[in-house]
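Student: One file: input_22.csv (CSV, C-alpha atoms).
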```
chain,number,residue,atom,x,y,z
A,1,MET,CA,-47.9,-56.6,16.9
A,2,SER,CA,-48.6,-53.9,14.4
A,3,GLU,CA,-46.3,-53.1,11.5
A,4,GLN,CA,-45.8,-49.6,12.9
A,5,THR,CA,-44.8,-51.0,16.3
A,6,THR,CA,-42.3,-53.4,14.7
A,7,GLU,CA,-40.8,-50.5,12.7
A,8,HIS,CA,-40.5,-48.3,15.7
A,9,GLY,CA,-38.9,-51.2,17.6
A,10,ALA,CA,-36.2,-51.5,14.9
A,11,ILE,CA,-35.6,-47.8,14.8
A,12,GLN,CA,-35.3,-47.7,18.5
A,13,LYS,CA,-32.6,-50.4,18.5
A,14,ARG,CA,-30.7,-48.4,15.8
A,15,THR,CA,-31.2,-45.2,17.8
A,16,VAL,CA,-29.6,-46.8,20.9
A,17,ARG,CA,-26.6,-48.0,18.8
A,18,VAL,CA,-26.0,-44.5,17.3
A,19,LEU,CA,-26.3,-42.8,20.7
A,20,GLN,CA,-23.8,-45.3,22.0
A,21,GLN,CA,-21.4,-44.4,19.2
A,22,GLY,CA,-21.7,-40.7,20.1
A,23,VAL,CA,-21.5,-41.2,23.9
A,24,VAL,CA,-18.3,-43.2,23.7
A,25,PRO,CA,-16.1,-40.3,22.4
A,26,GLY,CA,-18.2,-37.8,24.3
A,27,GLY,CA,-17.6,-39.5,27.5
A,28,LEU,CA,-13.9,-39.9,26.8
A,29,ALA,CA,-13.7,-36.2,26.0
A,30,MET,CA,-15.3,-35.3,29.3
A,31,GLY,CA,-13.4,-37.8,31.4
A,32,THR,CA,-10.1,-36.5,30.0
A,33,SER,CA,-11.1,-32.9,30.6
A,34,TYR,CA,-12.5,-33.4,34.1
A,35,SER,CA,-9.7,-35.6,35.4
A,36,VAL,CA,-7.0,-33.0,35.1
A,37,ALA,CA,-9.1,-29.8,35.7
A,38,ALA,CA,-8.7,-29.7,39.5
A,39,LEU,CA,-5.0,-30.4,39.2
A,40,LEU,CA,-4.4,-27.8,36.5
A,41,GLY,CA,-6.5,-25.2,38.5
A,42,SER,CA,-4.4,-26.0,41.6
A,43,GLU,CA,-1.2,-25.8,39.6
A,44,ILE,CA,-2.1,-22.3,38.2
A,45,THR,CA,-3.4,-20.8,41.4
A,46,GLY,CA,-1.7,-22.7,44.2
A,47,SER,CA,-5.2,-23.2,45.8
A,48,ASP,CA,-6.9,-26.6,46.2
A,49,THR,CA,-10.3,-24.8,46.6
A,50,LEU,CA,-9.8,-22.9,43.3
A,51,GLY,CA,-8.7,-26.2,41.7
A,52,ALA,CA,-11.9,-27.9,42.9
A,53,ILE,CA,-14.0,-25.0,41.6
A,54,ALA,CA,-12.5,-25.3,38.2
A,55,ALA,CA,-13.4,-29.0,38.0
A,56,VAL,CA,-16.9,-28.2,39.3
A,57,GLY,CA,-17.3,-25.9,36.3
A,58,LEU,CA,-18.3,-29.1,34.4
A,59,SER,CA,-21.3,-29.5,36.7
A,60,ILE,CA,-22.1,-25.8,36.6
A,61,GLY,CA,-22.1,-26.0,32.8
A,62,GLN,CA,-24.4,-29.0,32.9
A,63,SER,CA,-26.9,-27.0,34.9
A,64,LEU,CA,-26.7,-23.9,32.8
A,65,ALA,CA,-27.0,-25.8,29.5
A,66,GLY,CA,-29.8,-28.2,30.5
A,67,ILE,CA,-32.7,-25.9,29.8
A,68,PRO,CA,-31.4,-24.4,26.5
A,69,VAL,CA,-30.5,-27.9,25.2
A,70,ALA,CA,-34.0,-29.1,26.1
A,71,ALA,CA,-35.5,-26.1,24.4
A,72,VAL,CA,-33.6,-26.9,21.2
A,73,MET,CA,-34.6,-30.5,21.3
A,74,ALA,CA,-38.3,-29.6,21.8
A,75,ARG,CA,-38.2,-27.4,18.6
A,76,ARG,CA,-35.7,-29.4,16.5
A,77,GLY,CA,-35.3,-32.9,18.0
A,78,ARG,CA,-32.7,-34.9,19.8
A,79,ARG,CA,-30.2,-34.9,17.0
A,80,ILE,CA,-29.7,-31.2,16.8
A,81,GLY,CA,-29.9,-30.7,20.6
A,82,ILE,CA,-27.3,-33.4,21.5
A,83,GLY,CA,-25.0,-32.7,18.5
A,84,TYR,CA,-24.8,-29.0,19.1
A,85,ALA,CA,-24.2,-29.6,22.8
A,86,TYR,CA,-21.1,-31.7,21.9
A,87,LEU,CA,-19.9,-28.9,19.6
A,88,VAL,CA,-20.1,-26.4,22.5
A,89,GLY,CA,-18.1,-28.9,24.6
A,90,SER,CA,-15.4,-28.8,21.9
A,91,VAL,CA,-15.2,-25.0,22.3
A,92,GLY,CA,-14.9,-25.4,26.0
A,93,ALA,CA,-12.0,-27.9,25.7
A,94,THR,CA,-10.3,-25.4,23.4
A,95,CYS,CA,-10.6,-22.7,26.1
A,96,ALA,CA,-9.1,-25.1,28.7
A,97,LEU,CA,-6.3,-25.9,26.2
A,98,LEU,CA,-5.6,-22.2,26.0
A,99,ALA,CA,-5.7,-22.0,29.8
A,100,ALA,CA,-2.9,-24.6,30.0
A,101,LEU,CA,-0.9,-22.8,27.4
A,102,THR,CA,-1.2,-19.3,29.0
A,103,GLU,CA,-1.7,-20.4,32.7
A,104,THR,CA,-4.9,-18.3,32.8
A,105,TYR,CA,-7.2,-19.6,35.5
A,106,ILE,CA,-10.4,-17.8,34.2
A,107,LEU,CA,-10.0,-19.5,30.8
A,108,LEU,CA,-10.0,-22.9,32.6
A,109,VAL,CA,-13.2,-22.1,34.5
A,110,ILE,CA,-14.9,-20.9,31.3
A,111,GLY,CA,-13.6,-23.9,29.4
A,112,MET,CA,-14.8,-26.4,31.9
A,113,THR,CA,-18.2,-24.7,32.1
A,114,LEU,CA,-18.6,-25.0,28.3
A,115,CYS,CA,-17.4,-28.6,28.5
A,116,GLY,CA,-20.4,-29.1,30.8
A,117,CYS,CA,-22.7,-28.4,27.8
A,118,GLY,CA,-21.2,-31.5,26.3
A,119,GLN,CA,-22.1,-33.4,29.5
A,120,ALA,CA,-25.6,-32.0,29.2
A,121,GLY,CA,-25.7,-33.6,25.8
A,122,ASN,CA,-24.5,-36.9,27.2
A,123,LEU,CA,-27.3,-36.8,29.8
A,124,ALA,CA,-29.9,-36.0,27.2
A,125,ALA,CA,-28.7,-39.0,25.2
A,126,ARG,CA,-29.9,-41.5,27.8
A,127,TYR,CA,-33.4,-40.1,27.5
A,128,ALA,CA,-33.2,-40.2,23.7
A,129,GLY,CA,-32.6,-43.9,24.0
A,130,SER,CA,-36.0,-44.3,25.7
A,131,ASP,CA,-38.1,-42.2,23.4
A,132,LEU,CA,-39.3,-45.2,21.4
A,133,ALA,CA,-39.0,-47.8,24.3
A,134,THR,CA,-41.9,-49.5,26.0
A,135,ASP,CA,-42.7,-49.7,29.7
A,136,GLU,CA,-41.2,-53.2,29.7
A,137,ASN,CA,-37.8,-52.1,28.4
A,138,ARG,CA,-37.5,-48.4,29.2
A,139,ALA,CA,-35.0,-48.7,32.1
A,140,ARG,CA,-32.9,-51.1,30.0
A,141,SER,CA,-32.9,-48.8,27.0
A,142,ILE,CA,-31.7,-45.9,29.2
A,143,SER,CA,-29.1,-48.2,30.8
A,144,LEU,CA,-27.6,-49.3,27.5
A,145,VAL,CA,-26.9,-45.6,26.6
A,146,VAL,CA,-25.5,-45.0,30.1
A,147,TRP,CA,-23.3,-48.1,29.7
A,148,ALA,CA,-21.7,-46.7,26.5
A,149,ASN,CA,-20.1,-44.1,28.8
A,150,THR,CA,-18.0,-47.0,30.3
A,151,VAL,CA,-15.3,-47.1,27.5
A,152,GLY,CA,-14.8,-43.3,27.2
A,153,SER,CA,-15.2,-42.4,30.8
A,154,VAL,CA,-13.0,-45.1,32.2
A,155,LEU,CA,-10.2,-44.4,29.7
A,156,GLY,CA,-10.6,-40.6,30.1
A,157,PRO,CA,-9.0,-40.1,33.5
A,158,THR,CA,-6.2,-42.7,32.6
A,159,VAL,CA,-5.6,-40.9,29.3
A,160,GLY,CA,-5.7,-37.4,30.9
A,161,LEU,CA,-3.6,-38.1,33.9
A,162,GLY,CA,-1.4,-40.6,32.0
A,163,LEU,CA,-0.5,-37.9,29.5
A,164,ARG,CA,0.2,-35.5,32.4
A,165,SER,CA,2.5,-38.2,34.0
A,166,LEU,CA,4.3,-38.8,30.7
A,167,ALA,CA,4.9,-35.0,30.5
A,168,GLY,CA,7.3,-35.6,33.4
A,169,SER,CA,9.0,-32.5,34.6
A,170,SER,CA,6.9,-30.1,32.5
A,171,GLU,CA,6.2,-27.1,34.8
A,172,GLY,CA,2.9,-25.2,35.2
A,173,GLY,CA,0.1,-25.8,32.8
A,174,SER,CA,2.2,-27.1,29.9
A,175,GLY,CA,2.0,-30.6,31.2
A,176,PHE,CA,-1.8,-30.6,30.6
A,177,ILE,CA,-1.8,-29.5,27.0
A,178,PHE,CA,-2.0,-32.9,25.3
A,179,SER,CA,-4.9,-33.9,27.6
A,180,TYR,CA,-7.0,-31.0,26.3
A,181,MET,CA,-5.9,-31.5,22.7
A,182,VAL,CA,-7.4,-35.1,22.9
A,183,SER,CA,-10.6,-33.7,24.5
A,184,VAL,CA,-11.2,-31.2,21.7
A,185,THR,CA,-10.8,-33.9,19.0
A,186,LEU,CA,-13.1,-36.3,20.7
A,187,PHE,CA,-15.9,-33.8,21.3
A,188,VAL,CA,-15.9,-33.1,17.5
A,189,VAL,CA,-16.0,-36.8,16.7
A,190,ALA,CA,-19.1,-37.2,19.0
A,191,ALA,CA,-20.9,-34.2,17.5
A,192,SER,CA,-20.2,-35.4,13.9
A,193,THR,CA,-21.6,-38.9,14.8
A,194,ILE,CA,-24.8,-37.7,16.2
A,195,LEU,CA,-25.5,-35.0,13.6
A,196,LYS,CA,-24.8,-37.3,10.7
A,197,ARG,CA,-26.4,-40.6,11.9
A,198,LEU,CA,-29.2,-40.0,14.4
A,199,ARG,CA,-31.9,-40.2,11.7
A,200,PRO,CA,-34.9,-40.5,11.9
A,201,ASP,CA,-35.0,-38.4,15.1
A,202,PRO,CA,-36.6,-40.5,17.8
A,203,LEU,CA,-38.3,-37.5,19.6
A,204,LEU,CA,-39.8,-36.2,16.4
A,205,LEU,CA,-41.0,-39.7,15.5
A,206,VAL,CA,-42.8,-40.0,18.9
A,207,ALA,CA,-44.4,-36.6,18.4
A,208,ASP,CA,-45.7,-37.7,15.0
A,209,ALA,CA,-46.9,-41.1,16.3
A,210,ASN,CA,-48.8,-39.5,19.2
A,211,LYS,CA,-50.0,-36.5,17.1
A,212,THR,CA,-48.7,-34.1,19.7
A,213,THR,CA,-46.3,-31.2,20.0
A,214,ILE,CA,-43.3,-31.6,22.3
A,215,ARG,CA,-43.2,-28.6,24.6
A,216,GLY,CA,-40.2,-26.8,26.0
A,217,PRO,CA,-39.4,-26.3,29.7
A,218,ARG,CA,-41.5,-24.1,31.9
A,219,LEU,CA,-41.0,-22.6,35.3
A,220,SER,CA,-44.0,-24.6,36.4
A,221,ASP,CA,-42.3,-28.0,35.7
A,222,LEU,CA,-40.8,-28.3,39.1
A,223,SER,CA,-44.3,-28.0,40.7
A,224,LEU,CA,-45.5,-30.6,38.2
A,225,ILE,CA,-42.7,-33.0,39.2
A,226,LEU,CA,-43.4,-32.4,43.0
A,227,SER,CA,-47.1,-33.1,42.5
A,228,ARG,CA,-46.4,-36.7,41.5
A,229,PRO,CA,-45.1,-39.1,44.2
A,230,ALA,CA,-43.0,-41.3,41.8
A,231,ALA,CA,-41.4,-38.2,40.2
A,232,ARG,CA,-40.6,-36.8,43.6
A,233,VAL,CA,-38.7,-40.0,44.6
A,234,ALA,CA,-37.0,-40.1,41.2
A,235,LEU,CA,-35.9,-36.4,41.6
A,236,LEU,CA,-34.5,-36.9,45.1
A,237,GLY,CA,-32.7,-40.1,44.1
A,238,MET,CA,-30.9,-38.4,41.2
A,239,MET,CA,-30.2,-35.2,43.1
A,240,LEU,CA,-28.8,-36.7,46.3
A,241,SER,CA,-26.8,-39.4,44.6
A,242,GLN,CA,-25.3,-36.9,42.3
A,243,GLY,CA,-24.4,-34.6,45.2
A,244,VAL,CA,-22.6,-37.4,47.1
A,245,MET,CA,-20.8,-38.7,44.0
A,246,VAL,CA,-19.5,-35.3,42.8
A,247,GLY,CA,-18.7,-34.1,46.3
A,248,VAL,CA,-16.5,-37.0,47.1
A,249,MET,CA,-15.0,-37.5,43.7
A,250,THR,CA,-14.0,-33.9,43.3
A,251,VAL,CA,-11.6,-33.8,46.3
A,252,THR,CA,-10.4,-37.4,46.3
A,253,PRO,CA,-7.7,-36.8,43.6
A,254,LEU,CA,-6.4,-33.8,45.7
A,255,HIS,CA,-6.5,-35.9,48.9
A,256,MET,CA,-4.5,-38.6,47.2
A,257,ARG,CA,-2.0,-36.1,45.8
A,258,ASP,CA,-1.5,-34.8,49.3
A,259,GLY,CA,-0.4,-38.3,50.1
A,260,ASN,CA,2.3,-38.1,47.3
A,261,GLN,CA,0.5,-40.7,45.2
A,262,ASP,CA,1.5,-40.8,41.5
A,263,PRO,CA,-0.9,-39.1,39.0
A,264,LEU,CA,-1.2,-42.4,37.1
A,265,VAL,CA,-2.5,-44.1,40.3
A,266,ILE,CA,-5.0,-41.3,40.8
A,267,GLY,CA,-6.1,-41.7,37.2
A,268,LEU,CA,-6.6,-45.4,37.8
A,269,MET,CA,-8.7,-44.7,40.9
A,270,ILE,CA,-11.0,-42.4,38.9
A,271,SER,CA,-11.2,-45.0,36.1
A,272,LEU,CA,-12.3,-47.7,38.5
A,273,HIS,CA,-14.8,-45.3,40.0
A,274,ILE,CA,-16.3,-44.7,36.6
A,275,VAL,CA,-16.4,-48.5,35.9
A,276,GLY,CA,-18.7,-48.6,38.9
A,277,MET,CA,-20.7,-45.7,37.5
A,278,TYR,CA,-21.4,-47.2,34.1
A,279,ALA,CA,-20.2,-50.8,33.5
A,280,PHE,CA,-23.0,-52.6,35.3
A,281,SER,CA,-25.8,-50.4,34.0
A,282,PRO,CA,-27.3,-53.0,31.6
A,283,TRP,CA,-27.9,-55.4,34.5
A,284,ILE,CA,-29.2,-52.5,36.7
A,285,GLY,CA,-31.6,-51.6,33.9
A,286,ARG,CA,-32.9,-55.2,33.7
A,287,ILE,CA,-33.5,-55.2,37.5
A,288,ALA,CA,-35.2,-51.8,37.3
A,289,ASP,CA,-37.6,-53.0,34.7
A,290,ARG,CA,-38.5,-56.1,36.6
A,291,LEU,CA,-38.6,-54.8,40.2
A,292,SER,CA,-39.6,-51.7,42.0
A,293,LYS,CA,-37.6,-48.7,40.8
A,294,GLU,CA,-38.0,-47.0,44.2
A,295,LEU,CA,-36.4,-50.1,45.7
A,296,LEU,CA,-33.5,-49.9,43.4
A,297,ILE,CA,-32.9,-46.3,44.3
A,298,GLY,CA,-32.8,-47.3,48.0
A,299,LEU,CA,-30.4,-50.1,47.3
A,300,GLY,CA,-28.2,-47.8,45.4
A,301,ALA,CA,-28.2,-45.3,48.3
A,302,VAL,CA,-27.1,-48.1,50.7
A,303,ILE,CA,-24.2,-49.0,48.4
A,304,THR,CA,-23.2,-45.4,48.1
A,305,ALA,CA,-23.2,-45.0,51.9
A,306,VAL,CA,-20.9,-48.0,52.3
A,307,GLY,CA,-18.5,-46.6,49.7
A,308,ALA,CA,-18.4,-43.1,51.2
A,309,GLU,CA,-17.8,-44.5,54.7
A,310,ILE,CA,-14.9,-46.7,53.4
A,311,ALA,CA,-13.4,-43.5,51.8
A,312,SER,CA,-13.8,-41.6,55.1
A,313,HIS,CA,-11.6,-44.1,56.9
A,314,THR,CA,-8.8,-43.9,54.2
A,315,ASP,CA,-5.7,-41.8,54.8
A,316,ALA,CA,-4.1,-39.8,51.9
A,317,PRO,CA,-1.1,-42.1,51.3
A,318,GLU,CA,-3.3,-45.2,51.0
A,319,ALA,CA,-4.8,-46.3,47.7
A,320,THR,CA,-7.0,-49.4,48.4
A,321,GLY,CA,-9.7,-47.6,50.4
A,322,HIS,CA,-10.0,-44.9,47.8
A,323,PHE,CA,-10.3,-47.5,45.0
A,324,VAL,CA,-12.9,-49.6,46.8
A,325,GLY,CA,-14.9,-46.6,48.3
A,326,LEU,CA,-15.2,-44.7,45.0
A,327,PHE,CA,-16.0,-47.9,43.1
A,328,PHE,CA,-19.0,-48.5,45.4
A,329,ILE,CA,-20.1,-44.9,45.1
A,330,GLY,CA,-20.1,-45.3,41.4
A,331,ILE,CA,-22.3,-48.4,41.5
A,332,GLY,CA,-24.8,-46.7,43.9
A,333,TRP,CA,-24.9,-43.6,41.7
A,334,CYS,CA,-25.7,-45.7,38.6
A,335,SER,CA,-28.5,-47.5,40.4
A,336,SER,CA,-30.2,-44.2,41.4
A,337,LEU,CA,-29.6,-42.6,38.0
A,338,VAL,CA,-31.0,-45.5,35.8
A,339,ALA,CA,-34.0,-46.2,38.1
A,340,GLY,CA,-34.7,-42.5,38.7
A,341,SER,CA,-34.5,-41.6,35.0
A,342,ALA,CA,-36.9,-44.4,34.1
A,343,LEU,CA,-39.3,-43.5,36.9
A,344,MET,CA,-39.2,-39.8,35.9
A,345,THR,CA,-40.0,-40.7,32.3
A,346,GLU,CA,-42.9,-43.0,33.1
A,347,ALA,CA,-44.5,-40.3,35.3
A,348,PHE,CA,-45.4,-38.0,32.4
A,349,PRO,CA,-47.0,-38.2,28.9
A,350,PRO,CA,-44.7,-37.9,25.8
A,351,GLU,CA,-45.3,-34.2,25.2
A,352,ALA,CA,-44.1,-33.2,28.7
A,353,ARG,CA,-41.2,-35.6,29.1
A,354,VAL,CA,-38.4,-33.4,27.6
A,355,ALA,CA,-39.4,-30.5,29.8
A,356,THR,CA,-39.6,-32.5,33.0
A,357,GLN,CA,-36.5,-34.6,32.2
A,358,SER,CA,-34.5,-31.4,31.7
A,359,THR,CA,-35.8,-29.8,34.8
A,360,ALA,CA,-34.8,-32.9,36.8
A,361,ASP,CA,-31.4,-32.9,35.2
A,362,VAL,CA,-30.8,-29.2,35.9
A,363,LEU,CA,-31.6,-29.8,39.6
A,364,MET,CA,-29.5,-32.9,39.7
A,365,THR,CA,-26.4,-31.3,38.2
A,366,ALA,CA,-26.9,-28.1,40.3
A,367,THR,CA,-26.8,-30.3,43.4
A,368,GLY,CA,-23.6,-31.8,42.1
A,369,ALA,CA,-22.1,-28.4,41.4
A,370,ALA,CA,-23.0,-27.2,44.9
A,371,ALA,CA,-21.6,-30.3,46.4
A,372,GLY,CA,-18.4,-30.0,44.4
A,373,ILE,CA,-17.8,-26.4,45.4
A,374,SER,CA,-18.6,-27.0,49.0
A,375,SER,CA,-16.4,-30.1,49.1
A,376,GLY,CA,-13.2,-28.1,48.6
A,377,LEU,CA,-14.2,-25.7,51.3
A,378,ALA,CA,-15.2,-28.6,53.7
A,379,VAL,CA,-11.8,-30.3,53.2
A,380,GLU,CA,-9.9,-27.0,53.9
A,381,GLN,CA,-12.0,-26.2,57.0
A,382,ARG,CA,-12.5,-29.7,58.4
A,383,SER,CA,-11.0,-32.8,56.6
A,384,TYR,CA,-11.5,-35.2,53.7
A,385,HIS,CA,-12.6,-37.8,56.3
A,386,ASP,CA,-15.4,-35.6,57.7
A,387,LEU,CA,-16.6,-34.8,54.1
A,388,ALA,CA,-16.9,-38.5,53.1
A,389,HIS,CA,-18.7,-39.3,56.4
A,390,TRP,CA,-21.2,-36.6,55.8
A,391,ALA,CA,-21.8,-38.0,52.3
A,392,ALA,CA,-22.5,-41.4,53.8
A,393,LEU,CA,-25.2,-39.8,56.1
A,394,VAL,CA,-26.8,-38.1,53.1
A,395,SER,CA,-27.0,-41.5,51.4
A,396,VAL,CA,-28.6,-43.1,54.4
A,397,PHE,CA,-31.2,-40.4,54.3
A,398,LEU,CA,-32.0,-41.2,50.7
A,399,ALA,CA,-32.3,-44.9,51.5
A,400,LEU,CA,-34.9,-44.1,54.2
A,401,ILE,CA,-36.9,-41.9,51.7
A,402,ALA,CA,-36.8,-44.7,49.1
A,403,ALA,CA,-37.9,-47.3,51.8
A,404,ILE,CA,-40.9,-45.2,52.7
A,405,ALA,CA,-41.9,-44.9,49.0
A,406,VAL,CA,-41.6,-48.7,48.6
A,407,VAL,CA,-43.9,-49.3,51.6
A,408,GLN,CA,-46.4,-46.7,50.5
A,409,GLY,CA,-46.4,-48.2,47.0
A,410,ALA,CA,-47.0,-51.7,48.4
A,411,ARG,CA,-50.0,-50.4,50.4
A,412,VAL,CA,-51.5,-48.7,47.4
A,413,ARG,CA,-51.2,-51.9,45.4
A,414,GLU,CA,-52.8,-53.9,48.2
A,415,THR,CA,-55.6,-51.4,48.5
A,416,GLY,CA,-56.2,-51.6,44.7
A,417,LEU,CA,-56.4,-55.4,44.8
A,418,GLU,CA,-58.8,-55.3,47.7
A,419,ASP,CA,-61.0,-52.8,45.8
A,420,GLU,CA,-61.1,-55.2,42.8
```
Here is a file; write its structure as structure tokens.
Tutor:
Amino acid sequence: MSEQTTEHGAIQKRTVRVLQQGVVPGGLAMGTSYSVAALLGSEITGSDTLGAIAAVGLSIGQSLAGIPVAAVMARRGRRIGIGYAYLVGSVGATCALLAALTETYILLVIGMTLCGCGQAGNLAARYAGSDLATDENRARSISLVVWANTVGSVLGPTVGLGLRSLAGSSEGGSGFIFSYMVSVTLFVVAASTILKRLRPDPLLLVADANKTTIRGPRLSDLSLILSRPAARVALLGMMLSQGVMVGVMTVTPLHMRDGNQDPLVIGLMISLHIVGMYAFSPWIGRIADRLSKELLIGLGAVITAVGAEIASHTDAPEATGHFVGLFFIGIGWCSSLVAGSALMTEAFPPEARVATQSTADVLMTATGAAAGISSGLAVEQRSYHDLAHWAALVSVFLALIAAIAVVQGARVRETGLEDE
């Protein structure tokens, strides 16, 4: 092992630790903001559909910010790109705070959209954790950064909805003020951590080591992704699992509220869902590095389908089915995200990774935004039960796509061995 390799390995470990320290408050800020957005939007407007749209602003913001954040990272590195994304998130949380104070719906939509930029930073952080990783530990490196979301994201809904519950009889938007005050503070903490401590910048270090220039996103990047079988499966895995997860999660709090369930119970449900999304990621990363990543995407889709189907058979006043169903959906989503992210990274050389990663994330979050918006309409026109059942069918489709990829990959490997 060369001295440079050893040095890069030590820097990579430190990079993962610093990213985790930024992702924890960043995830908590977003969990707090998101958990109360639909309820605040519904409180201001009297419409569940408009409430869901306000919450989906987070996914819309992720999609809009993905390419600009990637362009900044290509020019100035991960530190500046992720740090500035968190700062924009703090501006968004401030707008949402003003929306709660003034009961102005458009301010909430703008605020949640800007908070989505912070989420784009959190998504980019997982790739930053893999910049200096090897093929043997890339998925695990990604998963360790994803895992750091556990603390912040699990506590976020409980904090956000818990503060709303403690506000008691506060009418209108005033009951949500403290939730967004906490969110503003935590976004600033996350930005300060990354901007101060993410040195040396892992992306710039990779560029120097490979004597290459990191390029920004291009319109042709989607065609580049679609031209590679592994990247296609990775993209589908991330897009469809995101759509299912966001679609079901967006309307479940509203469904439970219609059953007169306490806001604190709803917050605990979201927290358990997020435990599924993040807590098991290190083990999922180990499995992804050792087994077929396409296989893991397929297994994740099966788990998601089971969770969505459980949710589809749960009535509004009941809690257990929502807790179990959303927990399974979280685990399935994590499997697809970790395996898909590693597969997407491995499919391209270092100079093209930021561009293709950001393109995939934009498509993933756009799918989530579309699912979140349509979920509110689907519930109003049909029912929560139908929506969750349709989500299960989408997950079954993804499992079939992944199974085909696994079989085709096995045939390719067998052909290669025969040729040898």
Student: How many Å separate atom CA of Gly173 of chain A from atom CA of Ala319 of chain A?
Tutor: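 Those two atoms sit 25.8 Å apart.
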Student: When you look at Val159 of chain A with a cut-off of 12 Å (counting only C-alpha atoms), what residues show up, excluding the ones that are within fewer than 3 positions of it in the same chain? I need them as a PyMOL selection string.
Tutor: chain A and resi 28-36+151-156+162-166+176+178-183+263-268+270-271
Student: Using all atoms listed in the file, which residue out of A:Leu222, A:Ala74, A:Ala234, A:Ile44 lies closest to Leu343 of chain A?
Tutor: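 Residue with the minimum atom-to-atom distance to Leu343 of chain A: A:Ala234.
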Student: As a ChimeraX atom specification, please: the residues near Ala38 of chain A (cut-off 9 Å, all atoms listed in the file, same-chain neighbours under 6 positions excluded).
Tutor: /A:48-56,250-251,253-254
Student: Might you pull out every residue within 12 Å of Val146 of chain A, with all atoms listed in the file counted and same-chain residues fewer than 5 positions away left off, and present them as a PyMOL selection string?
Tutor: chain A and resi 16-17+19-24+26-27+122-130+139-141+151-153+274-285+333-335+337-339+341
Student: Given the point (-34.9, -42.0, 16.6) in the coordinates of this file, which residues lie within 8 Å, counting all atoms listed in the file, and how would they look as a PDB file with C-alpha atoms, in the coordinates of the input?
Tutor:
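Once everything was written out, this is point-v9.pdb:
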```pdb
ATOM      1  CA  ILE A  11     -35.600 -47.800  14.800  1.00  0.00           C
ATOM      2  CA  GLN A  12     -35.300 -47.700  18.500  1.00  0.00           C
ATOM      3  CA  ARG A  14     -30.700 -48.400  15.800  1.00  0.00           C
ATOM      4  CA  THR A  15     -31.200 -45.200  17.800  1.00  0.00           C
ATOM      5  CA  ALA A 128     -33.200 -40.200  23.700  1.00  0.00           C
ATOM      6  CA  GLY A 129     -32.600 -43.900  24.000  1.00  0.00           C
ATOM      7  CA  ASP A 131     -38.100 -42.200  23.400  1.00  0.00           C
ATOM      8  CA  LEU A 132     -39.300 -45.200  21.400  1.00  0.00           C
ATOM      9  CA  LEU A 198     -29.200 -40.000  14.400  1.00  0.00           C
ATOM     10  CA  ARG A 199     -31.900 -40.200  11.700  1.00  0.00           C
ATOM     11  CA  PRO A 200     -34.900 -40.500  11.900  1.00  0.00           C
ATOM     12  CA  ASP A 201     -35.000 -38.400  15.100  1.00  0.00           C
ATOM     13  CA  PRO A 202     -36.600 -40.500  17.800  1.00  0.00           C
ATOM     14  CA  LEU A 203     -38.300 -37.500  19.600  1.00  0.00           C
ATOM     15  CA  LEU A 204     -39.800 -36.200  16.400  1.00  0.00           C
ATOM     16  CA  LEU A 205     -41.000 -39.700  15.500  1.00  0.00           C
TER      17      LEU A 205
END
```
Student: For atom CA of Ala120 of chain A and atom CA of Gln62 of chain A, determine how far apart the two atoms are, in Å to one decimal place.
Tutor: 4.9 Å
Student: Here is a test: counting only C-alpha atoms, which residue of A:Ile303, A:Ala148, A:Ala366, A:Cys115 is nearest to Gly330 of chain A?
Tutor: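 So, comparing all the options, the nearest one is A:Ile303.
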Student: Closest to Ser336 of chain A among A:Ala10, A:Leu235, A:Val145, A:Ala355, using all atoms listed in the file?
Tutor: A:Leu235
Student: Report, in Å to a single decimal, how far apart atom CA of Ala96 of chain A and atom CA of Ala37 of chain A are.
Tutor: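 Computed distance, atom CA of Ala37 of chain A to atom CA of Ala96 of chain A, equals 8.4 Å.
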Student: Pick out the closest residue to Ala288 of chain A from this set: A:Thr320, A:Thr193, A:Thr367, A:Asn137. Count all atoms listed in the file.
Tutor: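 Residue with the minimum atom-to-atom distance to Ala288 of chain A: A:Asn137.
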Student: Determine the nearest neighbour of Ala311 of chain A from the options A:Ala347, A:Ala392, A:Ile142, A:Leu295, counting only C-alpha atoms.
Tutor: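 Among A:Ala347, A:Ala392, A:Ile142, A:Leu295, it is A:Ala392 that comes nearest to Ala311 of chain A.
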Student: Output requested as a short mmCIF file (atom, residue, chain, number, x, y, z; two decimals), in the frame of the given file - segment 367-372 of chain A, filled out with N, CA and C atoms.
Tutor:
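Wrote selection-v3.cif, looks like this:
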```cif
data_model
loop_
_atom_site.label_atom_id
_atom_site.label_comp_id
_atom_site.auth_asym_id
_atom_site.auth_seq_id
_atom_site.Cartn_x
_atom_site.Cartn_y
_atom_site.Cartn_z
N THR A 367 -27.18 -29.67 42.07
CA THR A 367 -26.80 -30.30 43.40
C THR A 367 -25.38 -30.76 43.34
N GLY A 368 -25.00 -31.38 42.23
CA GLY A 368 -23.60 -31.80 42.10
C GLY A 368 -22.64 -30.67 42.10
N ALA A 369 -23.00 -29.58 41.42
CA ALA A 369 -22.10 -28.40 41.40
C ALA A 369 -21.94 -27.83 42.79
N ALA A 370 -23.06 -27.70 43.52
CA ALA A 370 -23.00 -27.20 44.90
C ALA A 370 -22.16 -28.07 45.78
N ALA A 371 -22.33 -29.37 45.62
CA ALA A 371 -21.60 -30.30 46.40
C ALA A 371 -20.07 -30.25 46.09
N GLY A 372 -19.77 -30.10 44.80
CA GLY A 372 -18.40 -30.00 44.40
C GLY A 372 -17.68 -28.78 44.92
#
```
